[in-house]
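J.: This is the structure I have questions about; it appears just below.
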Amino acid sequence: MTKPDTTQRDPIALRLLDAVTQGLNVLGSSLILVLMLLVGIDVAGRNLLSMPVSGVPELVTLSIVAIVFLQIPAALRAGRMTRSDGLLSWLTRKSPRLGQAVATFFDLIGIAVIAVIVQTTWPIFTRAFESGQFIGAIGDFTAPVWPVKLTLIIGGSILILQFTARIWRRFA
Amino acid sequence: MTSFVIGLLSLAAMGIAVMVGLFVPIALIACSFVGVWAIKGSPLLASKLLALAANDAISSYFFGVVPLFVLMGFVVSEAGFGRDAFDVANAMFRRLKGGLGVGTVGANAIFAAITGISIASAAVFTKIAVPQMIRHGYAPRFAAGVVAGSSVLGMMIPPSLLLILFGILAEQSIGDLFIAGIGPGLLLAVFFGLGIVAMATFAPRSVGMLSKGTESLHRSEIWRKALPIVSLILLVLGGIYAGFFTPVEAGAMGSIGALTLGFAMGRLSLKQLWTVLVETGLVTATVCFLIIAAQMYSRMLALSGVPSGLGSLATDADLGFWGIMLIYVGIVILMGMILDSSSIMLILVPLMLPVVIPMQIDLIWFGIVTVLAVEIGLLTPPFGLSVYVIKATLDDPSISLTDIFRGAAPFALIMLVVLALVLAIPQIATGLVP
């Protein structure tokens with residue numbers, strides 16, 4: 001929501017990371033607009049031309065996963081990921097060092113679990129890519145599923161880097 | 001250690017981690033991972049469960065339209081329809097004691113008919129109503145509390161994302177659920193209004209030093225402001241009931257309608273549309289990521305046998321209809337303190353259906369009871385989503401989270417009263433359903 005004000009002082013690596021994060025964010029936001037138009041076209045086609053547009057439910061189903069993983073790094077960067085920070089900010093006031101240590105420990109947990117997800121999604125992605133896995137019905141509408149798996153891997157990796165960046169900024 | 005004990009331990013670990021300040025989704029994922037590892041003795045299996053949930057938990061048409069409901073809420077507010085609703089409602093209630101508070105509730109009730117999510121209402125009215133109330137002498141705590149309390153109307157009055165979710169989980173008609181939500185939603189709004197007037201009369205100190213009434217509006221001005229909102233309500237609800245589109249598609253149609261109106265009235269620019277889209281993306285990602293994590297967590301719990309263990313405990317205890325309903329509502333409210341609304345429904349509803357269906361209860365009514373109970377959790381610490389949204393939107397360090405929770409407490413109590421009424425008199429919900 002608020003523009004990070006540290007951008008100017010950040011080293012080039014962090015600025016690059018934020019740029020990539022924002023790029024994914026832009027992609028995800030555009031997808032939402034596409035989603036809206038798709039459903040609109042489907043409804044219009046059904047009512048005005050009595051001709052449903054095939055593939056809309058499938059595309060909606062696929063794109064939501066992509067939207068989430070494209071935007072979640074930006075959500076973390078903007079400080080929007082859900083948390084109850086009362087106790088931690090109290091701790092940081094009382095003892096900055098302990099507070100920082102706990103916050104860093106939490107970020108490490110984040111890195112660990114997302115790494116597990118990304119690593120285990122990799123074989124799912126390669127399998128989907130090699131076997132040409134799709135959703136929909138042949139002859140009517142089909143869409144490959146590998147782009148979504150790839151989005152998950154990219155978004156997850158950037159999320160890990162954003163967690164790392166939080167630790168970096170804390171001690172820089 | 002039995003898997004039942006592991007499940008209970010992970011429940012406790014999750015609660016503690018969330019309260020200390022670990023990101024909620026990360027806490028859920030970490031506990032699921034460790035839990036499955038401990039139950040099955042295999043880290044590989046645990047990581048597979050995580051990856052599968054990440055890939056397929058939200059991959060459905062229902063979740064696909066979540067961003068569109070969020071988008072509708074934000075477009076409607078960015079185009080200033082929230083302020084219009086607020087002005088119209090204030091013109092109606094300005095003579096009352098605590099009129100701005102009642103006006104906020106009224107505006108929320110109107111606004112709820114064009115949005116399906118509570119957080120949109122919370123965000124909009126934090127920006128519009130809180131500053132105005134503070135300017136007129138209301139205590140900041142009370143002002144934020146009113147907004148938090150009345151934001152839950154967004155989920156009760158159709159269209160409502162939570163009712164859609166329940167309809168899908170319980171295979172009930174979403175149209176019927178929407179109709180059933182109208183009675184309790186309006187009752188809630190009336191009780192909120194009465195509560196505010198009562199507080200302003202009997203406990204004026206908690207409300208603040210009120211300055212005299214707000215500016216009045218000319219009748220034609222009121223109509224000019226009401227017309228776009230009324231037409232949007234007609235588009236969204238009329239479209240659903242005339243059969244032009246399904247309730248699930250209402251988010252997209254409402255967004256298109258609001259965008260068209262906003263651009264036609266010169267109230268939206270492309271730049272604003274972009275801001276709204278980015279904001280929608282961030283909210284969608286946050287909410288859906290939480291749902292994914294909650295799914296992993298509920299899959300881990302299912303493996304541990306905690307839910308079925310609790311279920312058979314409930315049946316063996318021979319609690320009877322009311323016993324089960326009261327315990328259920330109690331558990332929902334308790335879970336509302338640590339989890340968000342959709343996660344609770346995703347975890348609990350599939351567990352409860354096998355228990356309540358043999359009792360021949362009306363599932364539409366059961367859905368309304370569930371959503372009402374779940375929404376109380378939006379207002380209760382430590383994890384009250386509406387309160388967090390208000391805190392984030394307010395961006396004012398002088399109003400703390402605790403302040404907002406205290407301000408919202410009376411409204412949580414009123415919700416409890418309405419919930420008791422709906423439990424005692426099911427006709428409040430089911431009376432309108434054909």
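Following the order of the structure tokens, chains are lettered A, B, ..., residues in each are numbered from 1, and ligands are numbered from 1.
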Do you know which residues are at most 12 Å from region 199-202 of chain B counting only C-alpha atoms, after dropping those on the same chain fewer than 2 positions away, and could you put them as a list in words?
T.: Leu96, Lys97, Gly98, Gly99, Leu100, Gly101, Val102, Tyr138, Ala139, Phe142, Val146, Phe191, Phe192, Gly193, Leu194, Gly195, Ile196, Val197, Pro204, Arg205, Ser206, Val207, Gly208, Met209, Leu210, Gly407, Pro410 and Phe411 of chain B
J.: For the interface of chain B with chain A (cut-off 7 Å, counting only C-alpha atoms), please tabulate each contacting residue of chain B alongside its nearest pair of atoms and their separation in Å to one decimal, rows sorted by chain and increasing number, as a tab-separated table.
T.:
residue	atom	partner	partner_atom	distance
B:Val18	CA	A:Ser84	CA	6.5
B:Met19	CA	A:Ser84	CA	6.2
B:Val20	CA	A:Leu87	CA	5.7
B:Gly21	CA	A:Asp85	CA	4.8
B:Leu22	CA	A:Phe106	CA	5.9
B:Phe23	CA	A:Arg83	CA	4.5
B:Val24	CA	A:Arg83	CA	5.3
B:Ile26	CA	A:Gly110	CA	5.8
B:Ile29	CA	A:Val113	CA	6.8
B:Ala30	CA	A:Val113	CA	6.2
B:Ser47	CA	A:Val116	CA	6.1
B:Lys48	CA	A:Thr120	CA	6.3
B:Leu50	CA	A:Ile117	CA	6.0
B:Ala51	CA	A:Ile117	CA	4.9
B:Ile58	CA	A:Val65	CA	6.6
B:Ser59	CA	A:Thr61	CA	5.1
B:Ser60	CA	A:Thr61	CA	4.6
B:Tyr61	CA	A:Thr61	CA	4.9
B:Phe63	CA	A:Ile64	CA	7.0
B:Gly64	CA	A:Ile64	CA	4.9
B:Pro67	CA	A:Ile32	CA	6.8
B:Leu68	CA	A:Met36	CA	6.5
B:Phe244	CA	A:Asn47	CA	6.6
B:Phe245	CA	A:Val43	CA	6.3
B:Glu249	CA	A:Val39	CA	6.8
B:Ala252	CA	A:Met36	CA	5.1
B:Met253	CA	A:Gly40	CA	6.3
B:Leu277	CA	A:Ser29	CA	5.4
B:Val278	CA	A:Ser29	CA	5.5
B:Gly281	CA	A:Ser29	CA	5.5
B:Leu282	CA	A:Ala75	CA	5.3
B:Thr284	CA	A:Val68	CA	6.7
B:Ala285	CA	A:Val68	CA	4.4
B:Thr286	CA	A:Met81	CA	5.8
B:Cys288	CA	A:Val68	CA	6.6
B:Phe289	CA	A:Val68	CA	6.8
B:Pro382	CA	A:Ser84	CA	7.0
B:Phe383	CA	A:Ser84	CA	6.6
J.: If we count only C-alpha atoms and set the cut-off at 12 Å, which residues sit around region 10-12 of chain A, ignoring sequence neighbours fewer than 5 positions away in its own chain? Please answer as a PyMOL selection string.
T.: chain A and resi 4-5+17-19+165-166+168-170+172
J.: Using only C-alpha atoms, which protein or nucleic acid residues come within 10 Å of Ser54 (chain A)? Drop anything in the same chain fewer than 5 positions from it, and give the result as a PyMOL selection string.
T.: chain A and resi 42+59+136-137+140-142
J.: What is the CA of Pro25 (chain B) to CA of Ala53 (chain B) distance in Å?
T.: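 According to the coordinates, CA of Pro25 (chain B) and CA of Ala53 (chain B) are separated by 12.8 Å.
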J.: Which of region 47-138 of chain A end up as helix (DSSP H, G or I) when DSSP is run on this backbone - answer as an mmCIF file with N, CA and C atoms, in the first residue's frame?
T.:
data_model
loop_
_atom_site.group_PDB
_atom_site.id
_atom_site.type_symbol
_atom_site.label_atom_id
_atom_site.label_comp_id
_atom_site.auth_asym_id
_atom_site.auth_seq_id
_atom_site.Cartn_x
_atom_site.Cartn_y
_atom_site.Cartn_z
ATOM 1 N N ASN A 47 -26.614 -14.891 -22.718
ATOM 2 C CA ASN A 47 -27.906 -14.212 -22.695
ATOM 3 C C ASN A 47 -28.259 -13.530 -24.004
ATOM 4 N N LEU A 48 -27.254 -12.929 -24.667
ATOM 5 C CA LEU A 48 -27.562 -12.150 -25.860
ATOM 6 C C LEU A 48 -27.509 -13.015 -27.118
ATOM 7 N N VAL A 56 -14.369 -20.769 -20.378
ATOM 8 C CA VAL A 56 -14.281 -19.728 -19.350
ATOM 9 C C VAL A 56 -14.083 -20.325 -17.950
ATOM 10 N N PRO A 57 -14.912 -21.309 -17.530
ATOM 11 C CA PRO A 57 -14.698 -21.875 -16.195
ATOM 12 C C PRO A 57 -13.286 -22.430 -16.021
ATOM 13 N N GLU A 58 -12.773 -23.102 -17.065
ATOM 14 C CA GLU A 58 -11.428 -23.665 -16.974
ATOM 15 C C GLU A 58 -10.370 -22.578 -16.795
ATOM 16 N N LEU A 59 -10.505 -21.506 -17.590
ATOM 17 C CA LEU A 59 -9.520 -20.421 -17.508
ATOM 18 C C LEU A 59 -9.581 -19.741 -16.148
ATOM 19 N N VAL A 60 -10.810 -19.561 -15.620
ATOM 20 C CA VAL A 60 -10.962 -18.940 -14.302
ATOM 21 C C VAL A 60 -10.275 -19.803 -13.244
ATOM 22 N N THR A 61 -10.529 -21.110 -13.332
ATOM 23 C CA THR A 61 -9.944 -22.051 -12.375
ATOM 24 C C THR A 61 -8.423 -21.998 -12.389
ATOM 25 N N LEU A 62 -7.845 -21.900 -13.608
ATOM 26 C CA LEU A 62 -6.388 -21.873 -13.713
ATOM 27 C C LEU A 62 -5.813 -20.553 -13.238
ATOM 28 N N SER A 63 -6.469 -19.448 -13.636
ATOM 29 C CA SER A 63 -5.814 -18.162 -13.404
ATOM 30 C C SER A 63 -5.806 -17.754 -11.934
ATOM 31 N N ILE A 64 -6.751 -18.256 -11.132
ATOM 32 C CA ILE A 64 -6.752 -17.819 -9.736
ATOM 33 C C ILE A 64 -5.469 -18.247 -9.018
ATOM 34 N N VAL A 65 -4.994 -19.455 -9.300
ATOM 35 C CA VAL A 65 -3.751 -19.915 -8.667
ATOM 36 C C VAL A 65 -2.600 -19.012 -9.103
ATOM 37 N N ALA A 66 -2.585 -18.694 -10.404
ATOM 38 C CA ALA A 66 -1.535 -17.829 -10.914
ATOM 39 C C ALA A 66 -1.604 -16.448 -10.263
ATOM 40 N N ILE A 67 -2.804 -15.908 -10.165
ATOM 41 C CA ILE A 67 -2.965 -14.569 -9.578
ATOM 42 C C ILE A 67 -2.395 -14.540 -8.170
ATOM 43 N N VAL A 68 -2.746 -15.545 -7.360
ATOM 44 C CA VAL A 68 -2.296 -15.557 -5.969
ATOM 45 C C VAL A 68 -0.778 -15.603 -5.880
ATOM 46 N N PHE A 69 -0.155 -16.508 -6.647
ATOM 47 C CA PHE A 69 1.291 -16.641 -6.490
ATOM 48 C C PHE A 69 2.060 -15.521 -7.180
ATOM 49 N N LEU A 70 1.420 -14.825 -8.138
ATOM 50 C CA LEU A 70 2.077 -13.658 -8.729
ATOM 51 C C LEU A 70 2.084 -12.487 -7.747
ATOM 52 N N GLN A 71 1.062 -12.425 -6.884
ATOM 53 C CA GLN A 71 0.913 -11.233 -6.040
ATOM 54 C C GLN A 71 1.435 -11.409 -4.619
ATOM 55 N N ILE A 72 1.599 -12.660 -4.183
ATOM 56 C CA ILE A 72 1.914 -12.838 -2.774
ATOM 57 C C ILE A 72 3.279 -12.237 -2.376
ATOM 58 N N PRO A 73 4.309 -12.239 -3.280
ATOM 59 C CA PRO A 73 5.548 -11.549 -2.885
ATOM 60 C C PRO A 73 5.316 -10.058 -2.655
ATOM 61 N N ALA A 74 4.490 -9.443 -3.505
ATOM 62 C CA ALA A 74 4.200 -8.012 -3.341
ATOM 63 C C ALA A 74 3.438 -7.770 -2.044
ATOM 64 N N ALA A 75 2.548 -8.712 -1.697
ATOM 65 C CA ALA A 75 1.783 -8.558 -0.462
ATOM 66 C C ALA A 75 2.713 -8.601 0.745
ATOM 67 N N LEU A 76 3.692 -9.502 0.713
ATOM 68 C CA LEU A 76 4.649 -9.565 1.825
ATOM 69 C C LEU A 76 5.468 -8.281 1.879
ATOM 70 N N ARG A 77 5.930 -7.819 0.698
ATOM 71 C CA ARG A 77 6.758 -6.610 0.626
ATOM 72 C C ARG A 77 5.991 -5.403 1.161
ATOM 73 N N GLY A 86 1.093 -7.470 17.650
ATOM 74 C CA GLY A 86 1.107 -6.743 18.919
ATOM 75 C C GLY A 86 2.259 -7.149 19.834
ATOM 76 N N LEU A 87 2.350 -8.464 20.080
ATOM 77 C CA LEU A 87 3.337 -8.965 21.027
ATOM 78 C C LEU A 87 4.757 -8.722 20.522
ATOM 79 N N LEU A 88 4.954 -8.946 19.217
ATOM 80 C CA LEU A 88 6.289 -8.815 18.645
ATOM 81 C C LEU A 88 6.755 -7.358 18.674
ATOM 82 N N SER A 89 5.865 -6.423 18.393
ATOM 83 C CA SER A 89 6.304 -5.028 18.398
ATOM 84 C C SER A 89 6.552 -4.563 19.834
ATOM 85 N N TRP A 90 5.809 -5.131 20.787
ATOM 86 C CA TRP A 90 6.073 -4.825 22.196
ATOM 87 C C TRP A 90 7.450 -5.327 22.585
ATOM 88 N N LEU A 91 7.751 -6.550 22.143
ATOM 89 C CA LEU A 91 9.037 -7.170 22.450
ATOM 90 C C LEU A 91 10.175 -6.351 21.847
ATOM 91 N N THR A 92 9.969 -5.891 20.596
ATOM 92 C CA THR A 92 11.008 -5.129 19.918
ATOM 93 C C THR A 92 11.272 -3.803 20.641
ATOM 94 N N ARG A 93 10.209 -3.231 21.205
ATOM 95 C CA ARG A 93 10.399 -1.990 21.974
ATOM 96 C C ARG A 93 11.193 -2.254 23.243
ATOM 97 N N LYS A 94 10.852 -3.367 23.929
ATOM 98 C CA LYS A 94 11.509 -3.691 25.199
ATOM 99 C C LYS A 94 12.967 -4.065 24.969
ATOM 100 N N PRO A 96 15.209 -4.546 21.588
ATOM 101 C CA PRO A 96 15.324 -4.562 20.126
ATOM 102 C C PRO A 96 16.044 -5.808 19.610
ATOM 103 N N ARG A 97 17.097 -6.217 20.342
ATOM 104 C CA ARG A 97 17.884 -7.354 19.856
ATOM 105 C C ARG A 97 17.054 -8.621 19.838
ATOM 106 N N LEU A 98 16.338 -8.877 20.952
ATOM 107 C CA LEU A 98 15.514 -10.078 21.043
ATOM 108 C C LEU A 98 14.407 -10.030 19.989
ATOM 109 N N GLY A 99 13.806 -8.843 19.863
ATOM 110 C CA GLY A 99 12.740 -8.687 18.871
ATOM 111 C C GLY A 99 13.235 -9.022 17.478
ATOM 112 N N GLN A 100 14.424 -8.476 17.146
ATOM 113 C CA GLN A 100 15.002 -8.742 15.824
ATOM 114 C C GLN A 100 15.292 -10.219 15.637
ATOM 115 N N ALA A 101 15.772 -10.848 16.714
ATOM 116 C CA ALA A 101 16.098 -12.268 16.623
ATOM 117 C C ALA A 101 14.839 -13.082 16.340
ATOM 118 N N VAL A 102 13.758 -12.779 17.081
ATOM 119 C CA VAL A 102 12.513 -13.519 16.883
ATOM 120 C C VAL A 102 11.987 -13.289 15.467
ATOM 121 N N ALA A 103 11.970 -12.011 15.025
ATOM 122 C CA ALA A 103 11.464 -11.692 13.689
ATOM 123 C C ALA A 103 12.274 -12.437 12.631
ATOM 124 N N THR A 104 13.607 -12.490 12.819
ATOM 125 C CA THR A 104 14.458 -13.190 11.855
ATOM 126 C C THR A 104 14.160 -14.680 11.861
ATOM 127 N N PHE A 105 13.971 -15.237 13.060
ATOM 128 C CA PHE A 105 13.605 -16.653 13.161
ATOM 129 C C PHE A 105 12.315 -16.926 12.385
ATOM 130 N N PHE A 106 11.336 -16.031 12.543
ATOM 131 C CA PHE A 106 10.060 -16.191 11.836
ATOM 132 C C PHE A 106 10.257 -16.140 10.325
ATOM 133 N N ASP A 107 11.100 -15.202 9.862
ATOM 134 C CA ASP A 107 11.357 -15.116 8.423
ATOM 135 C C ASP A 107 12.017 -16.397 7.919
ATOM 136 N N LEU A 108 12.906 -16.972 8.751
ATOM 137 C CA LEU A 108 13.570 -18.215 8.347
ATOM 138 C C LEU A 108 12.549 -19.352 8.219
ATOM 139 N N ILE A 109 11.574 -19.397 9.138
ATOM 140 C CA ILE A 109 10.519 -20.406 9.023
ATOM 141 C C ILE A 109 9.782 -20.222 7.700
ATOM 142 N N GLY A 110 9.487 -18.953 7.383
ATOM 143 C CA GLY A 110 8.817 -18.654 6.113
ATOM 144 C C GLY A 110 9.619 -19.182 4.939
ATOM 145 N N ILE A 111 10.931 -18.876 4.928
ATOM 146 C CA ILE A 111 11.797 -19.350 3.842
ATOM 147 C C ILE A 111 11.744 -20.866 3.755
ATOM 148 N N ALA A 112 11.828 -21.539 4.908
ATOM 149 C CA ALA A 112 11.880 -23.000 4.919
ATOM 150 C C ALA A 112 10.616 -23.608 4.322
ATOM 151 N N VAL A 113 9.433 -23.173 4.800
ATOM 152 C CA VAL A 113 8.212 -23.845 4.323
ATOM 153 C C VAL A 113 7.939 -23.535 2.854
ATOM 154 N N ILE A 114 8.206 -22.299 2.420
ATOM 155 C CA ILE A 114 7.966 -21.986 1.009
ATOM 156 C C ILE A 114 8.954 -22.758 0.133
ATOM 157 N N ALA A 115 10.195 -22.913 0.635
ATOM 158 C CA ALA A 115 11.177 -23.692 -0.122
ATOM 159 C C ALA A 115 10.681 -25.125 -0.302
ATOM 160 N N VAL A 116 10.098 -25.691 0.739
ATOM 161 C CA VAL A 116 9.552 -27.052 0.635
ATOM 162 C C VAL A 116 8.494 -27.112 -0.465
ATOM 163 N N ILE A 117 7.602 -26.110 -0.472
ATOM 164 C CA ILE A 117 6.527 -26.103 -1.470
ATOM 165 C C ILE A 117 7.092 -25.971 -2.883
ATOM 166 N N VAL A 118 8.026 -25.025 -3.069
ATOM 167 C CA VAL A 118 8.586 -24.804 -4.406
ATOM 168 C C VAL A 118 9.315 -26.057 -4.886
ATOM 169 N N GLN A 119 10.113 -26.643 -3.981
ATOM 170 C CA GLN A 119 10.906 -27.818 -4.349
ATOM 171 C C GLN A 119 10.003 -28.991 -4.742
ATOM 172 N N THR A 120 8.912 -29.178 -4.009
ATOM 173 C CA THR A 120 8.036 -30.315 -4.301
ATOM 174 C C THR A 120 7.135 -30.041 -5.502
ATOM 175 N N THR A 121 6.955 -28.743 -5.834
ATOM 176 C CA THR A 121 6.141 -28.425 -7.004
ATOM 177 C C THR A 121 6.944 -28.639 -8.291
ATOM 178 N N TRP A 122 8.281 -28.571 -8.190
ATOM 179 C CA TRP A 122 9.130 -28.706 -9.381
ATOM 180 C C TRP A 122 8.824 -29.977 -10.185
ATOM 181 N N PRO A 123 8.838 -31.186 -9.533
ATOM 182 C CA PRO A 123 8.491 -32.388 -10.312
ATOM 183 C C PRO A 123 7.065 -32.340 -10.864
ATOM 184 N N ILE A 124 6.149 -31.720 -10.131
ATOM 185 C CA ILE A 124 4.771 -31.604 -10.640
ATOM 186 C C ILE A 124 4.776 -30.797 -11.927
ATOM 187 N N PHE A 125 5.622 -29.731 -11.944
ATOM 188 C CA PHE A 125 5.731 -28.876 -13.126
ATOM 189 C C PHE A 125 6.344 -29.640 -14.302
ATOM 190 N N THR A 126 7.468 -30.309 -14.064
ATOM 191 C CA THR A 126 8.136 -30.991 -15.176
ATOM 192 C C THR A 126 7.234 -32.079 -15.755
ATOM 193 N N ARG A 127 6.509 -32.800 -14.871
ATOM 194 C CA ARG A 127 5.602 -33.834 -15.350
ATOM 195 C C ARG A 127 4.505 -33.215 -16.221
ATOM 196 N N ALA A 128 3.919 -32.106 -15.736
ATOM 197 C CA ALA A 128 2.842 -31.457 -16.482
ATOM 198 C C ALA A 128 3.358 -30.962 -17.828
ATOM 199 N N PHE A 129 4.618 -30.465 -17.843
ATOM 200 C CA PHE A 129 5.195 -29.907 -19.066
ATOM 201 C C PHE A 129 5.466 -31.020 -20.080
ATOM 202 N N GLU A 130 6.091 -32.121 -19.599
ATOM 203 C CA GLU A 130 6.490 -33.184 -20.517
ATOM 204 C C GLU A 130 5.302 -33.971 -21.060
ATOM 205 N N SER A 131 4.294 -34.181 -20.202
ATOM 206 C CA SER A 131 3.175 -34.993 -20.664
ATOM 207 C C SER A 131 2.073 -34.152 -21.302
#
J.: Please identify the strand (DSSP E or B) residues within region 6-167 of chain A (assignment by DSSP from backbone atoms) and present them as an MDAnalysis selection string.
T.: chainID A and resid 134:137 141:144
J.: Please write the residues from the selection above to a file, keeping N, CA and C atoms, as a PDB file, in the first residue's frame.
T.:
ATOM      1  N   PHE A 134      -3.446 -31.126 -19.534  1.00  0.00           N
ATOM      2  CA  PHE A 134      -4.330 -29.994 -19.831  1.00  0.00           C
ATOM      3  C   PHE A 134      -5.621 -30.140 -19.039  1.00  0.00           C
ATOM      4  N   ILE A 135      -6.403 -29.050 -18.985  1.00  0.00           N
ATOM      5  CA  ILE A 135      -7.761 -29.192 -18.479  1.00  0.00           C
ATOM      6  C   ILE A 135      -8.724 -28.788 -19.577  1.00  0.00           C
ATOM      7  N   GLY A 136      -9.983 -29.209 -19.434  1.00  0.00           N
ATOM      8  CA  GLY A 136     -10.965 -28.973 -20.480  1.00  0.00           C
ATOM      9  C   GLY A 136     -11.265 -30.297 -21.177  1.00  0.00           C
ATOM     10  N   ALA A 137     -11.997 -30.229 -22.295  1.00  0.00           N
ATOM     11  CA  ALA A 137     -12.344 -31.450 -23.017  1.00  0.00           C
ATOM     12  C   ALA A 137     -11.822 -31.333 -24.435  1.00  0.00           C
ATOM     13  N   PHE A 141     -12.473 -27.334 -25.675  1.00  0.00           N
ATOM     14  CA  PHE A 141     -11.523 -26.334 -25.229  1.00  0.00           C
ATOM     15  C   PHE A 141     -10.500 -27.004 -24.338  1.00  0.00           C
ATOM     16  N   THR A 142      -9.230 -26.746 -24.581  1.00  0.00           N
ATOM     17  CA  THR A 142      -8.206 -27.269 -23.685  1.00  0.00           C
ATOM     18  C   THR A 142      -7.193 -26.180 -23.390  1.00  0.00           C
ATOM     19  N   ALA A 143      -6.660 -26.223 -22.171  1.00  0.00           N
ATOM     20  CA  ALA A 143      -5.593 -25.297 -21.807  1.00  0.00           C
ATOM     21  C   ALA A 143      -4.538 -26.083 -21.053  1.00  0.00           C
ATOM     22  N   PRO A 144      -3.244 -25.853 -21.372  1.00  0.00           N
ATOM     23  CA  PRO A 144      -2.184 -26.565 -20.658  1.00  0.00           C
ATOM     24  C   PRO A 144      -2.078 -26.062 -19.213  1.00  0.00           C
TER      25      PRO A 144
END
J.: Please, what distance in Å, to one decimal, runs between CA of Gln360 (chain B) and CA of Leu303 (chain B)?
T.: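 So the answer is 28.6 Å.
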J.: Identify which of the residues B:Phe405, B:Leu351, B:Ser150, B:Thr260 lies closest to Gly305 (chain B), counting only C-alpha atoms when measuring atom-to-atom distances.
T.: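 Closest to Gly305 (chain B), using only C-alpha atoms: B:Leu351.
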J.: Could you check the closest approach to Gly15 (chain B) for each of B:Ala409, B:Phe263, B:Leu334, B:Phe178 and tell me which residue wins, using only C-alpha atoms?
T.: B:Leu334
J.: Expressed in Å to a single decimal, how great is the separation between CA of Ala129 (chain B) and CA of Ser151 (chain B)?
T.: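 Straight-line distance from CA of Ala129 (chain B) to CA of Ser151 (chain B) works out to 11.7 Å.
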